[in-house]
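Undergrad: The following file, structure.cif, comprises mmCIF, C-alpha atoms (C1' of nucleotides):
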```
data_query
#
loop_
_atom_site.label_atom_id
_atom_site.label_comp_id
_atom_site.auth_asym_id
_atom_site.auth_seq_id
_atom_site.Cartn_x
_atom_site.Cartn_y
_atom_site.Cartn_z
CA MET L 561 0.00 0.00 0.00
CA LEU L 562 1.42 3.31 -1.05
CA ARG L 563 0.97 5.63 1.85
CA ARG L 564 -0.02 8.99 0.56
CA GLU L 565 1.22 10.53 3.80
CA TYR L 566 4.73 10.62 5.10
CA ASP L 567 3.40 10.59 8.63
CA LEU L 568 6.16 12.75 10.06
CA ASN L 569 5.87 15.65 12.44
CA CYS L 570 7.45 18.04 10.00
CA SER L 571 6.09 20.99 8.07
CA ILE L 572 8.05 20.01 5.00
CA ALA L 573 6.60 16.51 5.01
CA ARG L 574 3.09 17.81 5.57
CA THR L 575 3.49 20.31 2.76
CA LEU L 576 4.74 17.61 0.44
CA GLU L 577 1.70 15.51 1.25
CA LEU L 578 -0.38 18.20 -0.43
CA ILE L 579 1.84 19.52 -3.19
CA GLY L 580 4.57 16.92 -3.47
CA GLU L 581 2.93 14.63 -6.00
CA ARG L 582 4.11 14.56 -9.56
CA TRP L 583 2.65 17.46 -11.61
CA THR L 584 0.95 19.20 -8.69
CA LEU L 585 3.32 22.12 -8.37
CA LEU L 586 3.38 22.59 -12.13
CA VAL L 587 -0.40 22.78 -12.18
CA ILE L 588 -0.21 25.47 -9.53
CA ARG L 589 2.42 27.31 -11.55
CA ASP L 590 0.21 27.18 -14.63
CA VAL L 591 -2.79 28.54 -12.78
CA LEU L 592 -0.68 31.26 -11.23
CA MET L 593 0.56 32.26 -14.66
CA GLY L 594 -3.04 32.57 -15.85
CA ASN L 595 -3.49 29.16 -17.50
CA ARG L 596 -6.65 28.29 -15.60
CA ARG L 597 -8.51 25.72 -17.68
CA PHE L 598 -8.34 21.96 -17.98
CA GLU L 599 -7.53 21.86 -21.66
CA GLY L 600 -4.95 24.61 -21.42
CA ILE L 601 -3.13 23.02 -18.52
CA GLN L 602 -3.25 19.61 -20.15
CA ARG L 603 -1.73 20.91 -23.37
CA SER L 604 0.84 23.06 -21.63
CA LEU L 605 2.15 20.28 -19.39
CA GLY L 606 1.45 17.19 -21.46
CA VAL L 607 0.12 15.50 -18.34
CA ALA L 608 -2.27 12.56 -18.72
CA ARG L 609 -5.87 13.75 -18.53
CA ASN L 610 -6.90 11.37 -15.75
CA VAL L 611 -3.91 12.43 -13.68
CA LEU L 612 -4.68 16.10 -14.21
CA SER L 613 -8.25 15.41 -13.21
CA ASN L 614 -7.03 13.80 -9.97
CA ARG L 615 -4.66 16.62 -9.18
CA LEU L 616 -7.21 19.36 -9.75
CA GLN L 617 -9.78 17.54 -7.66
CA ARG L 618 -7.32 17.06 -4.84
CA LEU L 619 -6.20 20.69 -4.93
CA VAL L 620 -9.81 21.84 -4.80
CA ASP L 621 -10.50 19.49 -1.88
CA GLU L 622 -7.51 20.88 -0.02
CA GLY L 623 -8.60 24.47 -0.56
CA ILE L 624 -5.65 25.38 -2.73
CA LEU L 625 -7.70 25.82 -5.90
CA GLU L 626 -11.28 26.86 -6.43
CA ARG L 627 -13.35 25.54 -9.33
CA ARG L 628 -15.65 28.09 -10.87
CA ALA L 629 -17.86 28.10 -13.94
CA TYR L 630 -16.89 30.87 -16.33
CA GLN L 631 -19.92 30.14 -18.53
CA ASP L 632 -23.06 28.00 -18.56
CA HIS L 633 -24.60 26.42 -21.67
CA PRO L 634 -22.39 24.57 -22.01
CA ALA L 635 -20.91 24.59 -18.50
CA ARG L 636 -17.23 25.41 -18.64
CA TYR L 637 -14.95 25.67 -15.66
CA GLU L 638 -11.77 27.34 -14.61
CA TYR L 639 -9.55 26.96 -11.59
CA LEU L 640 -8.45 29.83 -9.41
CA LEU L 641 -5.92 29.95 -6.62
CA THR L 642 -7.29 30.59 -3.17
CA GLU L 643 -5.28 32.59 -0.64
CA LYS L 644 -3.86 29.30 0.56
CA GLY L 645 -2.80 28.55 -2.99
CA LEU L 646 -1.36 31.99 -3.60
CA ASP L 647 0.71 31.56 -0.46
CA LEU L 648 2.65 28.86 -2.28
CA TRP L 649 4.27 31.57 -4.35
CA PRO L 650 7.37 31.66 -2.11
CA VAL L 651 7.95 27.99 -2.77
CA LEU L 652 7.74 28.52 -6.51
CA VAL L 653 10.00 31.55 -6.36
CA ALA L 654 12.60 29.63 -4.37
CA MET L 655 12.55 26.80 -6.89
CA ILE L 656 12.83 29.20 -9.79
CA GLY L 657 15.83 30.76 -8.11
CA TRP L 658 17.57 27.43 -7.72
CA GLY L 659 16.64 26.22 -11.19
CA ASP L 660 17.83 29.46 -12.74
CA LYS L 661 21.15 29.14 -10.95
CA TYR L 662 21.90 25.50 -11.66
CA LEU L 663 19.76 24.31 -14.51
CA ALA L 664 19.24 27.15 -16.95
CA GLY L 665 21.16 27.10 -20.21
CA PRO L 666 23.78 29.68 -21.12
CA GLU L 667 21.07 31.97 -22.49
CA GLY L 668 19.78 32.56 -18.98
CA PRO L 669 16.49 32.02 -17.16
CA PRO L 670 13.40 31.15 -19.20
CA VAL L 671 11.20 33.40 -17.08
CA LEU L 672 11.79 36.63 -15.22
CA ILE L 673 9.72 37.81 -12.30
CA LEU L 674 9.33 41.54 -12.11
CA HIS L 675 8.00 44.06 -9.65
CA LYS L 676 4.81 45.61 -11.01
CA GLU L 677 5.47 49.01 -9.54
CA CYS L 678 9.05 49.61 -10.62
CA GLY L 679 9.85 46.82 -13.09
CA GLY L 680 12.83 45.59 -11.05
CA ARG L 681 13.75 41.93 -10.88
CA VAL L 682 12.43 39.95 -7.96
CA ASN L 683 14.98 37.73 -6.25
CA ASP L 684 14.42 34.48 -4.40
CA ARG L 685 13.67 36.35 -1.17
CA ARG L 686 10.81 38.05 -3.03
CA ILE L 687 12.63 41.33 -2.67
CA CYS L 688 12.78 43.75 -5.56
CA GLU L 689 16.39 44.16 -6.65
CA ARG L 690 15.71 47.70 -7.83
CA CYS L 691 13.67 49.27 -5.05
CA GLY L 692 14.27 46.82 -2.21
CA ALA L 693 10.59 46.31 -1.39
CA GLN L 694 9.48 43.02 0.12
CA LEU L 695 6.85 41.75 -2.30
CA GLU L 696 3.74 39.61 -2.22
CA VAL L 697 2.34 37.58 -5.11
CA ARG L 698 0.12 40.35 -6.39
CA ASP L 699 3.01 42.79 -6.54
CA ALA L 700 4.78 40.78 -9.22
CA TYR L 701 4.33 39.42 -12.72
CA ALA L 702 6.26 37.12 -15.00
CA VAL L 703 7.69 37.74 -18.45
CA PRO L 704 9.67 35.50 -20.82
CA GLY L 705 13.38 35.68 -19.99
CA PRO L 706 16.43 35.43 -22.25
CA GLY L 707 16.26 31.61 -22.10
CA ALA L 708 12.64 31.46 -23.25
CA LYS L 709 11.90 29.15 -26.14
CA ALA L 710 10.32 30.19 -29.40
CA MET K 570 6.99 4.74 -20.22
CA LEU K 571 7.14 7.09 -17.31
CA ARG K 572 9.12 10.06 -18.39
CA ARG K 573 11.37 11.09 -15.57
CA GLU K 574 11.54 14.53 -17.12
CA TYR K 575 8.76 16.99 -17.56
CA ASP K 576 10.46 18.29 -20.66
CA LEU K 577 9.36 21.88 -20.19
CA ASN K 578 11.38 25.02 -20.59
CA CYS K 579 10.75 26.04 -17.01
CA SER K 580 13.03 26.34 -14.01
CA ILE K 581 10.38 24.89 -11.74
CA ALA K 582 9.96 21.83 -13.94
CA ARG K 583 13.71 21.34 -14.20
CA THR K 584 14.11 21.69 -10.47
CA LEU K 585 11.36 19.15 -9.89
CA GLU K 586 13.10 16.71 -12.18
CA LEU K 587 15.93 16.63 -9.66
CA ILE K 588 14.22 17.06 -6.32
CA GLY K 589 10.56 16.44 -7.08
CA GLU K 590 10.49 12.70 -6.56
CA ARG K 591 8.87 11.25 -3.50
CA TRP K 592 11.21 11.37 -0.45
CA THR K 593 13.97 13.36 -2.15
CA LEU K 594 13.37 16.66 -0.40
CA LEU K 595 12.97 14.90 2.94
CA VAL K 596 16.31 13.21 2.47
CA ILE K 597 17.86 16.59 1.84
CA ARG K 598 16.15 17.98 4.92
CA ASP K 599 17.53 15.12 7.01
CA VAL K 600 21.05 15.64 5.77
CA LEU K 601 20.78 19.36 6.36
CA MET K 602 19.67 18.70 9.92
CA GLY K 603 22.74 16.54 10.46
CA ASN K 604 21.26 13.10 9.84
CA ARG K 605 23.85 12.06 7.29
CA ARG K 606 23.89 8.27 7.23
CA PHE K 607 21.88 5.63 5.43
CA GLU K 608 20.58 3.91 8.52
CA GLY K 609 19.71 7.13 10.25
CA ILE K 610 17.80 8.54 7.32
CA GLN K 611 16.01 5.26 6.74
CA ARG K 612 14.86 5.05 10.35
CA SER K 613 13.94 8.72 10.54
CA LEU K 614 11.80 8.71 7.40
CA GLY K 615 10.60 5.14 7.25
CA VAL K 616 11.40 5.09 3.55
CA ALA K 617 11.97 1.75 1.83
CA ARG K 618 15.67 0.93 1.72
CA ASN K 619 15.85 0.37 -2.03
CA VAL K 620 14.10 3.69 -2.64
CA LEU K 621 16.45 5.49 -0.28
CA SER K 622 19.35 3.89 -2.06
CA ASN K 623 18.04 5.19 -5.41
CA ARG K 624 17.48 8.66 -4.08
CA LEU K 625 20.91 8.98 -2.52
CA GLN K 626 22.57 7.68 -5.67
CA ARG K 627 20.66 10.12 -7.84
CA LEU K 628 21.44 13.07 -5.56
CA VAL K 629 25.12 12.19 -5.62
CA ASP K 630 25.04 11.88 -9.42
CA GLU K 631 23.43 15.30 -9.66
CA GLY K 632 26.01 16.90 -7.41
CA ILE K 633 23.57 17.72 -4.65
CA LEU K 634 25.05 15.29 -2.16
CA GLU K 635 28.56 14.01 -1.74
CA ARG K 636 29.25 10.49 -0.47
CA ARG K 637 32.24 10.26 1.82
CA ALA K 638 33.69 7.48 3.94
CA TYR K 639 33.82 8.47 7.58
CA GLN K 640 35.73 5.29 8.44
CA ASP K 641 37.37 2.33 6.73
CA HIS K 642 37.46 -1.23 8.08
CA PRO K 643 34.61 -1.60 7.72
CA ALA K 644 33.89 1.10 5.16
CA ARG K 645 31.10 3.35 6.36
CA TYR K 646 29.74 6.28 4.48
CA GLU K 647 27.96 9.52 5.10
CA TYR K 648 26.32 12.02 2.81
CA LEU K 649 27.09 15.70 2.81
CA LEU K 650 25.39 18.54 1.03
CA THR K 651 27.42 20.24 -1.66
CA GLU K 652 27.04 23.97 -2.27
CA LYS K 653 24.42 23.08 -4.85
CA GLY K 654 22.60 21.09 -2.21
CA LEU K 655 22.91 23.78 0.43
CA ASP K 656 21.39 26.23 -2.03
CA LEU K 657 18.14 24.30 -1.73
CA TRP K 658 17.71 25.77 1.73
CA PRO K 659 15.43 28.54 0.43
CA VAL K 660 13.06 25.94 -0.98
CA LEU K 661 12.91 24.12 2.34
CA VAL K 662 12.42 27.35 4.27
CA ALA K 663 9.57 28.38 1.98
CA MET K 664 7.86 25.03 2.45
CA ILE K 665 8.31 25.19 6.20
CA GLY K 666 6.71 28.62 6.16
CA TRP K 667 3.68 27.39 4.26
CA GLY K 668 3.37 24.20 6.28
CA ASP K 669 3.64 26.11 9.54
CA LYS K 670 0.91 28.48 8.42
CA TYR K 671 -1.59 25.97 7.09
CA LEU K 672 -0.77 22.54 8.42
CA ALA K 673 0.66 22.86 11.91
CA GLY K 674 -1.53 21.92 14.85
CA PRO K 675 -2.72 24.44 17.44
CA GLU K 676 0.51 23.94 19.41
CA GLY K 677 2.46 25.66 16.67
CA PRO K 678 5.33 24.75 14.37
CA PRO K 679 7.28 21.53 15.05
CA VAL K 680 10.57 23.20 14.23
CA LEU K 681 11.91 26.72 14.60
CA ILE K 682 14.72 28.17 12.55
CA LEU K 683 16.87 30.63 14.43
CA HIS K 684 19.62 33.08 13.61
CA LYS K 685 22.90 31.85 15.08
CA GLU K 686 24.18 35.29 15.88
CA CYS K 687 21.20 36.81 17.66
CA GLY K 688 18.80 33.91 18.24
CA GLY K 689 15.95 35.64 16.37
CA ARG K 690 13.43 33.68 14.34
CA VAL K 691 14.09 33.32 10.65
CA ASN K 692 11.09 33.98 8.42
CA ASP K 693 10.32 32.53 5.02
CA ARG K 694 12.37 35.24 3.30
CA ARG K 695 15.36 34.00 5.32
CA ILE K 696 15.41 37.30 7.14
CA CYS K 697 15.97 37.42 10.88
CA GLU K 698 12.87 38.81 12.55
CA ARG K 699 14.96 40.23 15.38
CA CYS K 700 17.92 41.88 13.66
CA GLY K 701 16.69 42.09 10.07
CA ALA K 702 19.74 40.44 8.54
CA GLN K 703 19.38 38.50 5.29
CA LEU K 704 20.66 35.05 6.14
CA GLU K 705 22.35 32.16 4.37
CA VAL K 706 22.13 28.50 5.38
CA ARG K 707 25.17 28.60 7.62
CA ASP K 708 23.81 31.54 9.57
CA ALA K 709 20.90 29.54 10.91
CA TYR K 710 20.10 26.46 12.95
CA ALA K 711 16.96 24.54 13.81
CA VAL K 712 15.47 23.73 17.20
CA PRO K 713 12.32 21.82 18.20
CA GLY K 714 9.34 24.16 18.23
CA PRO K 715 6.21 24.20 20.41
CA GLY K 716 4.56 21.61 18.14
CA ALA K 717 7.43 19.15 18.41
CA LYS K 718 6.52 15.60 19.36
CA ALA K 719 7.87 13.73 22.36
"C1'" DC E 74 34.28 -19.86 18.13
"C1'" DA E 75 29.42 -19.47 17.22
"C1'" DT E 76 26.04 -16.09 17.83
"C1'" DG E 77 24.27 -11.68 17.46
"C1'" DG E 78 24.42 -6.81 16.22
"C1'" DT E 79 25.41 -2.77 13.14
"C1'" DG E 80 26.01 -0.18 8.81
"C1'" DA E 81 25.20 0.03 4.12
"C1'" DG E 82 23.24 -1.53 0.96
"C1'" DT E 83 20.94 -5.33 -3.00
"C1'" DT E 84 17.41 -8.58 -4.66
"C1'" DG E 85 12.82 -10.29 -5.41
"C1'" DC E 86 7.99 -9.89 -5.22
"C1'" DT E 87 3.59 -7.37 -5.18
"C1'" DC E 88 0.58 -3.72 -6.19
"C1'" DC E 89 -0.63 1.13 -6.79
"C1'" DA E 90 -0.50 5.10 -9.62
"C1'" DA E 91 1.08 7.21 -13.92
"C1'" DG E 92 0.87 7.01 -18.98
"C1'" DC E 93 -1.92 6.39 -22.96
"C1'" DA E 94 -5.79 5.97 -25.88
"C1'" DA E 95 -10.47 5.83 -26.52
"C1'" DC E 96 -14.82 7.27 -25.31
"C1'" DC E 97 -18.69 10.46 -23.63
"C1'" DC E 98 -21.64 14.51 -23.49
"C1'" DA E 99 -23.30 19.23 -24.41
"C1'" DG E 100 -23.19 22.85 -27.19
"C1'" DT E 101 -21.41 25.53 -31.41
"C1'" DG E 102 -19.71 26.35 -36.04
"C1'" DT E 103 -20.10 25.36 -41.18
"C1'" DA J 248 -25.16 16.27 -41.03
"C1'" DC J 249 -20.64 16.57 -39.54
"C1'" DA J 250 -16.79 18.00 -37.15
"C1'" DC J 251 -14.85 20.56 -33.32
"C1'" DT J 252 -14.13 22.18 -28.49
"C1'" DG J 253 -14.10 21.87 -23.44
"C1'" DG J 254 -14.04 19.06 -19.59
"C1'" DG J 255 -13.77 15.33 -18.25
"C1'" DT J 256 -14.26 9.40 -17.40
"C1'" DT J 257 -13.06 4.52 -18.40
"C1'" DG J 258 -10.02 0.70 -19.40
"C1'" DC J 259 -5.65 -1.24 -20.19
"C1'" DT J 260 -0.55 -1.48 -19.45
"C1'" DT J 261 3.76 -0.65 -17.15
"C1'" DG J 262 7.12 1.52 -14.03
"C1'" DG J 263 8.15 2.69 -9.51
"C1'" DA J 264 7.13 2.37 -4.45
"C1'" DG J 265 6.51 -0.65 -0.42
"C1'" DC J 266 8.05 -4.58 2.02
"C1'" DA J 267 10.75 -8.38 3.50
"C1'" DA J 268 14.63 -11.08 3.14
"C1'" DC J 269 19.30 -11.49 2.05
"C1'" DT J 270 24.36 -10.13 1.64
"C1'" DC J 271 28.83 -8.75 3.28
"C1'" DA J 272 32.31 -6.97 6.37
"C1'" DC J 273 33.43 -6.05 10.83
"C1'" DC J 274 33.00 -5.93 16.03
"C1'" DA J 275 31.42 -7.63 20.64
"C1'" DT J 276 29.92 -11.12 23.82
"C1'" DG J 277 29.37 -15.61 26.18
#
```
Starting from the file, give its structure as structure tokens.
TA:
Amino acid sequence: MLRREYDLNCSIARTLELIGERWTLLVIRDVLMGNRRFEGIQRSLGVARNVLSNRLQRLVDEGILERRAYQDHPARYEYLLTEKGLDLWPVLVAMIGWGDKYLAGPEGPPVLILHKECGGRVNDRRICERCGAQLEVRDAYAVPGPGAKA
Amino acid sequence: MLRREYDLNCSIARTLELIGERWTLLVIRDVLMGNRRFEGIQRSLGVARNVLSNRLQRLVDEGILERRAYQDHPARYEYLLTEKGLDLWPVLVAMIGWGDKYLAGPEGPPVLILHKECGGRVNDRRICERCGAQLEVRDAYAVPGPGAKA
DNA sequence: CATGGTGAGTTGCTCCAAGCAACCCAGTGT
DNA sequence: ACACTGGGTTGCTTGGAGCAACTCACCATG
């Protein structure tokens, strides 16, 4: 029996129980970047449809995503991050920082995170390199970086 | 065929290819906390021995851990974090922050991260709440928090 | 000197979850 | 009438996780 839980008294383990499964964090990234719909996420990630279905359901159950109809007739749905979901931004930013440092090609990072107000780059402490402000999710946006693909 | 890679031009995806497998991040946490040996990690996490063996091997191959004999006759080994491995600290700190906020019991966080120099708490930006310094891994240490188990 | 214990794994078996393709249903476009 | 799109579900297959047992080298104990 594959235990879904690590059963450890540890915040890292408990966090991984919710977002540590394959694809989960990438789904959250997609939604954060504005890719909110089943078909879009599926195409963007190439994840199996049944797996994506599982992940979305689980994330909704855990209060990380919210499923909302954006039209009726026919009913079509999109997924939005809750506050709990948005609070995962620091985790994503930290991973981007590490990936940029060790895994990006010579062209540089594929994505840049910028401060809305001043356009400065946001570092892995979520501090704007230009103005020094400590930022929250809504203070930043992402643009293709020098290592972005065509 | 289960692709081990996500095959996306994305620092998060590339990072997850290395540290996104089940148990991997917990192994890194253990090593960071000073639990450096096979037996110790296995007992602490309850991970299957063959899986742990895989994970350690992979992490060594990727330059995140270094395997070093701490005695010969009989040969016994321990695993140390490389600089690349230590640089994952921000990811762990971010996860701890989220887990503490959403998943800790009413007693509070199981672990506290403190600034060596002044003893202040380290927040999820790796900034000391007492003195305001921006910290690196070696500037901090962990102690059992109010939610620690017996 | 046989037995047991420890550290660091490896091997074999089982079974769940991921991958894949096909299908479904409602509505819309041509 | 037919195909297409969005948002899934179902069924089949395989790879990886869980578990237990085994190995091997060394040390300690009775």
Undergrad: Apply the PyMOL selection byres ((chain E) within 9 of (chain K)) to the file shown and report the selected residues as a PDB file with C-alpha atoms (C1' of nucleotides), in the frame of the given file.
TA:
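Now in result_1.pdb:
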```
ATOM      1  C1'  DG E  80      26.010  -0.180   8.810  1.00  0.00           C
ATOM      2  C1'  DA E  81      25.200   0.030   4.120  1.00  0.00           C
ATOM      3  C1'  DG E  82      23.240  -1.530   0.960  1.00  0.00           C
ATOM      4  C1'  DT E  83      20.940  -5.330  -3.000  1.00  0.00           C
ATOM      5  C1'  DA E  91       1.080   7.210 -13.920  1.00  0.00           C
ATOM      6  C1'  DG E  92       0.870   7.010 -18.980  1.00  0.00           C
TER       7       DG E  92
END
```
Undergrad: Quick one: which chain J residues come within 10 Å of chain L, and what is the nearest atom pair for each with the distance in Å to one decimal, counting only C-alpha atoms (C1' of nucleotides), rows ordered by chain and ascending number, as a tab-separated table?
TA:
```
residue	atom	partner	partner_atom	distance
J:DT252	C1'	L:Glu599	CA	9.5
J:DG253	C1'	L:Arg636	CA	6.7
J:DG254	C1'	L:Phe598	CA	6.6
J:DG255	C1'	L:Ser613	CA	7.5
J:DT256	C1'	L:Asn610	CA	7.8
J:DT257	C1'	L:Asn610	CA	9.6
J:DA264	C1'	L:Leu562	CA	6.7
J:DG265	C1'	L:Leu562	CA	6.5
J:DC266	C1'	L:Met561	CA	9.5
```
Undergrad: Figure out the distance between CA of Val671 in chain L and CA of Val703 in chain L, please, to one decimal in Å.
TA: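 Calculated distance between CA of Val703 in chain L and CA of Val671 in chain L is 5.7 Å.
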Undergrad: Using the chain letters and numbering of this document, enumerate as a ChimeraX atom specification the residues selected by the PyMOL selection byres ((chain K) within 9 of (chain L)).
TA: /K:575-585,589-592,594-595,598,613-616,653,656-669,671-673,678-680,693-696,703,716-718
Undergrad: Over all C-alpha pairs taken in sequence order, what does chain L look like after a least-squares fit onto chain K? Please give it as a short mmCIF file (atom, residue, chain, number, x, y, z; two decimals) with C-alpha atoms, keeping the file's coordinate frame.
TA:
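Wrote it out as superposed.cif, contents follow:
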```cif
data_model
loop_
_atom_site.label_atom_id
_atom_site.label_comp_id
_atom_site.auth_asym_id
_atom_site.auth_seq_id
_atom_site.Cartn_x
_atom_site.Cartn_y
_atom_site.Cartn_z
CA MET L 561 6.95 4.72 -20.10
CA LEU L 562 7.15 7.06 -17.17
CA ARG L 563 9.10 10.04 -18.32
CA ARG L 564 11.36 11.13 -15.56
CA GLU L 565 11.53 14.57 -17.14
CA TYR L 566 8.74 17.03 -17.58
CA ASP L 567 10.43 18.35 -20.69
CA LEU L 568 9.30 21.93 -20.21
CA ASN L 569 11.31 25.09 -20.58
CA CYS L 570 10.71 26.10 -17.00
CA SER L 571 13.00 26.38 -14.01
CA ILE L 572 10.35 24.94 -11.73
CA ALA L 573 9.93 21.87 -13.93
CA ARG L 574 13.68 21.40 -14.23
CA THR L 575 14.09 21.71 -10.48
CA LEU L 576 11.36 19.18 -9.89
CA GLU L 577 13.10 16.76 -12.21
CA LEU L 578 15.93 16.66 -9.68
CA ILE L 579 14.21 17.07 -6.34
CA GLY L 580 10.56 16.45 -7.12
CA GLU L 581 10.49 12.70 -6.59
CA ARG L 582 8.88 11.23 -3.54
CA TRP L 583 11.21 11.35 -0.49
CA THR L 584 13.97 13.36 -2.18
CA LEU L 585 13.37 16.65 -0.43
CA LEU L 586 12.96 14.90 2.91
CA VAL L 587 16.30 13.19 2.44
CA ILE L 588 17.84 16.59 1.81
CA ARG L 589 16.13 17.97 4.91
CA ASP L 590 17.50 15.10 6.99
CA VAL L 591 21.03 15.63 5.75
CA LEU L 592 20.75 19.35 6.34
CA MET L 593 19.63 18.70 9.90
CA GLY L 594 22.70 16.53 10.46
CA ASN L 595 21.20 13.08 9.83
CA ARG L 596 23.81 12.04 7.29
CA ARG L 597 23.86 8.25 7.25
CA PHE L 598 21.87 5.61 5.43
CA GLU L 599 20.55 3.88 8.50
CA GLY L 600 19.67 7.11 10.25
CA ILE L 601 17.79 8.51 7.30
CA GLN L 602 16.01 5.23 6.71
CA ARG L 603 14.82 5.04 10.30
CA SER L 604 13.89 8.70 10.50
CA LEU L 605 11.78 8.69 7.34
CA GLY L 606 10.58 5.10 7.19
CA VAL L 607 11.41 5.06 3.49
CA ALA L 608 12.01 1.71 1.78
CA ARG L 609 15.72 0.91 1.70
CA ASN L 610 15.90 0.36 -2.05
CA VAL L 611 14.15 3.66 -2.67
CA LEU L 612 16.49 5.48 -0.32
CA SER L 613 19.40 3.87 -2.09
CA ASN L 614 18.08 5.17 -5.43
CA ARG L 615 17.50 8.66 -4.12
CA LEU L 616 20.93 8.98 -2.54
CA GLN L 617 22.61 7.69 -5.67
CA ARG L 618 20.69 10.11 -7.84
CA LEU L 619 21.45 13.06 -5.57
CA VAL L 620 25.14 12.19 -5.62
CA ASP L 621 25.06 11.90 -9.41
CA GLU L 622 23.43 15.30 -9.67
CA GLY L 623 26.01 16.92 -7.41
CA ILE L 624 23.56 17.73 -4.66
CA LEU L 625 25.05 15.28 -2.16
CA GLU L 626 28.55 13.99 -1.73
CA ARG L 627 29.26 10.48 -0.44
CA ARG L 628 32.23 10.26 1.87
CA ALA L 629 33.66 7.50 4.02
CA TYR L 630 33.78 8.51 7.66
CA GLN L 631 35.70 5.34 8.56
CA ASP L 632 37.39 2.37 6.89
CA HIS L 633 37.48 -1.17 8.29
CA PRO L 634 34.63 -1.56 7.90
CA ALA L 635 33.91 1.11 5.29
CA ARG L 636 31.10 3.35 6.45
CA TYR L 637 29.72 6.28 4.54
CA GLU L 638 27.93 9.51 5.12
CA TYR L 639 26.30 12.00 2.81
CA LEU L 640 27.07 15.69 2.81
CA LEU L 641 25.37 18.53 1.01
CA THR L 642 27.40 20.24 -1.66
CA GLU L 643 27.02 23.97 -2.29
CA LYS L 644 24.40 23.08 -4.87
CA GLY L 645 22.57 21.10 -2.22
CA LEU L 646 22.88 23.78 0.42
CA ASP L 647 21.37 26.23 -2.04
CA LEU L 648 18.12 24.30 -1.75
CA TRP L 649 17.70 25.76 1.71
CA PRO L 650 15.41 28.55 0.44
CA VAL L 651 13.05 25.97 -0.98
CA LEU L 652 12.90 24.14 2.33
CA VAL L 653 12.42 27.36 4.26
CA ALA L 654 9.57 28.40 1.99
CA MET L 655 7.86 25.05 2.46
CA ILE L 656 8.32 25.19 6.21
CA GLY L 657 6.74 28.62 6.19
CA TRP L 658 3.70 27.41 4.30
CA GLY L 659 3.38 24.21 6.30
CA ASP L 660 3.66 26.11 9.56
CA LYS L 661 0.92 28.47 8.46
CA TYR L 662 -1.58 25.96 7.13
CA LEU L 663 -0.75 22.54 8.45
CA ALA L 664 0.68 22.86 11.93
CA GLY L 665 -1.51 21.92 14.87
CA PRO L 666 -2.68 24.41 17.47
CA GLU L 667 0.55 23.91 19.43
CA GLY L 668 2.49 25.66 16.69
CA PRO L 669 5.36 24.74 14.37
CA PRO L 670 7.29 21.54 15.05
CA VAL L 671 10.60 23.20 14.22
CA LEU L 672 11.93 26.71 14.60
CA ILE L 673 14.74 28.16 12.54
CA LEU L 674 16.89 30.61 14.40
CA HIS L 675 19.63 33.06 13.59
CA LYS L 676 22.91 31.83 15.04
CA GLU L 677 24.20 35.27 15.84
CA CYS L 678 21.23 36.78 17.64
CA GLY L 679 18.81 33.89 18.22
CA GLY L 680 15.97 35.62 16.36
CA ARG L 681 13.45 33.67 14.33
CA VAL L 682 14.10 33.32 10.64
CA ASN L 683 11.10 33.99 8.42
CA ASP L 684 10.31 32.55 5.01
CA ARG L 685 12.36 35.26 3.30
CA ARG L 686 15.35 34.01 5.30
CA ILE L 687 15.41 37.31 7.13
CA CYS L 688 15.99 37.41 10.85
CA GLU L 689 12.89 38.80 12.55
CA ARG L 690 14.99 40.22 15.37
CA CYS L 691 17.94 41.87 13.65
CA GLY L 692 16.69 42.08 10.07
CA ALA L 693 19.75 40.43 8.53
CA GLN L 694 19.37 38.51 5.28
CA LEU L 695 20.66 35.05 6.12
CA GLU L 696 22.34 32.15 4.37
CA VAL L 697 22.12 28.50 5.36
CA ARG L 698 25.17 28.60 7.59
CA ASP L 699 23.82 31.55 9.54
CA ALA L 700 20.91 29.54 10.89
CA TYR L 701 20.10 26.44 12.91
CA ALA L 702 16.97 24.53 13.80
CA VAL L 703 15.50 23.71 17.19
CA PRO L 704 12.35 21.81 18.19
CA GLY L 705 9.36 24.16 18.21
CA PRO L 706 6.25 24.18 20.41
CA GLY L 707 4.59 21.59 18.13
CA ALA L 708 7.47 19.12 18.40
CA LYS L 709 6.55 15.59 19.35
CA ALA L 710 7.91 13.72 22.33
#
```
Undergrad: Name the closest residue to DC88 in chain E among the candidates J:DG277, J:DG263, J:DA272, J:DG258; distances are taken between atoms, counting all atoms listed in the file.
TA: J:DG263
Undergrad: My structure is short of atoms at range 713-717 of chain K; please model N, CA and C atoms there, returning them as a PDB file, in the coordinates of the input.
TA:
```
ATOM      1  N   PRO K 713      13.709  22.281  18.093  1.00  0.00           N
ATOM      2  CA  PRO K 713      12.320  21.820  18.200  1.00  0.00           C
ATOM      3  C   PRO K 713      11.418  22.994  18.576  1.00  0.00           C
ATOM      4  N   GLY K 714      10.277  23.092  17.927  1.00  0.00           N
ATOM      5  CA  GLY K 714       9.340  24.160  18.230  1.00  0.00           C
ATOM      6  C   GLY K 714       8.262  23.695  19.188  1.00  0.00           C
ATOM      7  N   PRO K 715       7.291  24.562  19.461  1.00  0.00           N
ATOM      8  CA  PRO K 715       6.210  24.200  20.410  1.00  0.00           C
ATOM      9  C   PRO K 715       5.409  22.980  19.958  1.00  0.00           C
ATOM     10  N   GLY K 716       5.327  22.753  18.640  1.00  0.00           N
ATOM     11  CA  GLY K 716       4.560  21.610  18.140  1.00  0.00           C
ATOM     12  C   GLY K 716       5.381  20.341  17.997  1.00  0.00           C
ATOM     13  N   ALA K 717       6.579  20.336  18.539  1.00  0.00           N
ATOM     14  CA  ALA K 717       7.430  19.150  18.410  1.00  0.00           C
ATOM     15  C   ALA K 717       6.826  17.982  19.187  1.00  0.00           C
TER      16      ALA K 717
END
```
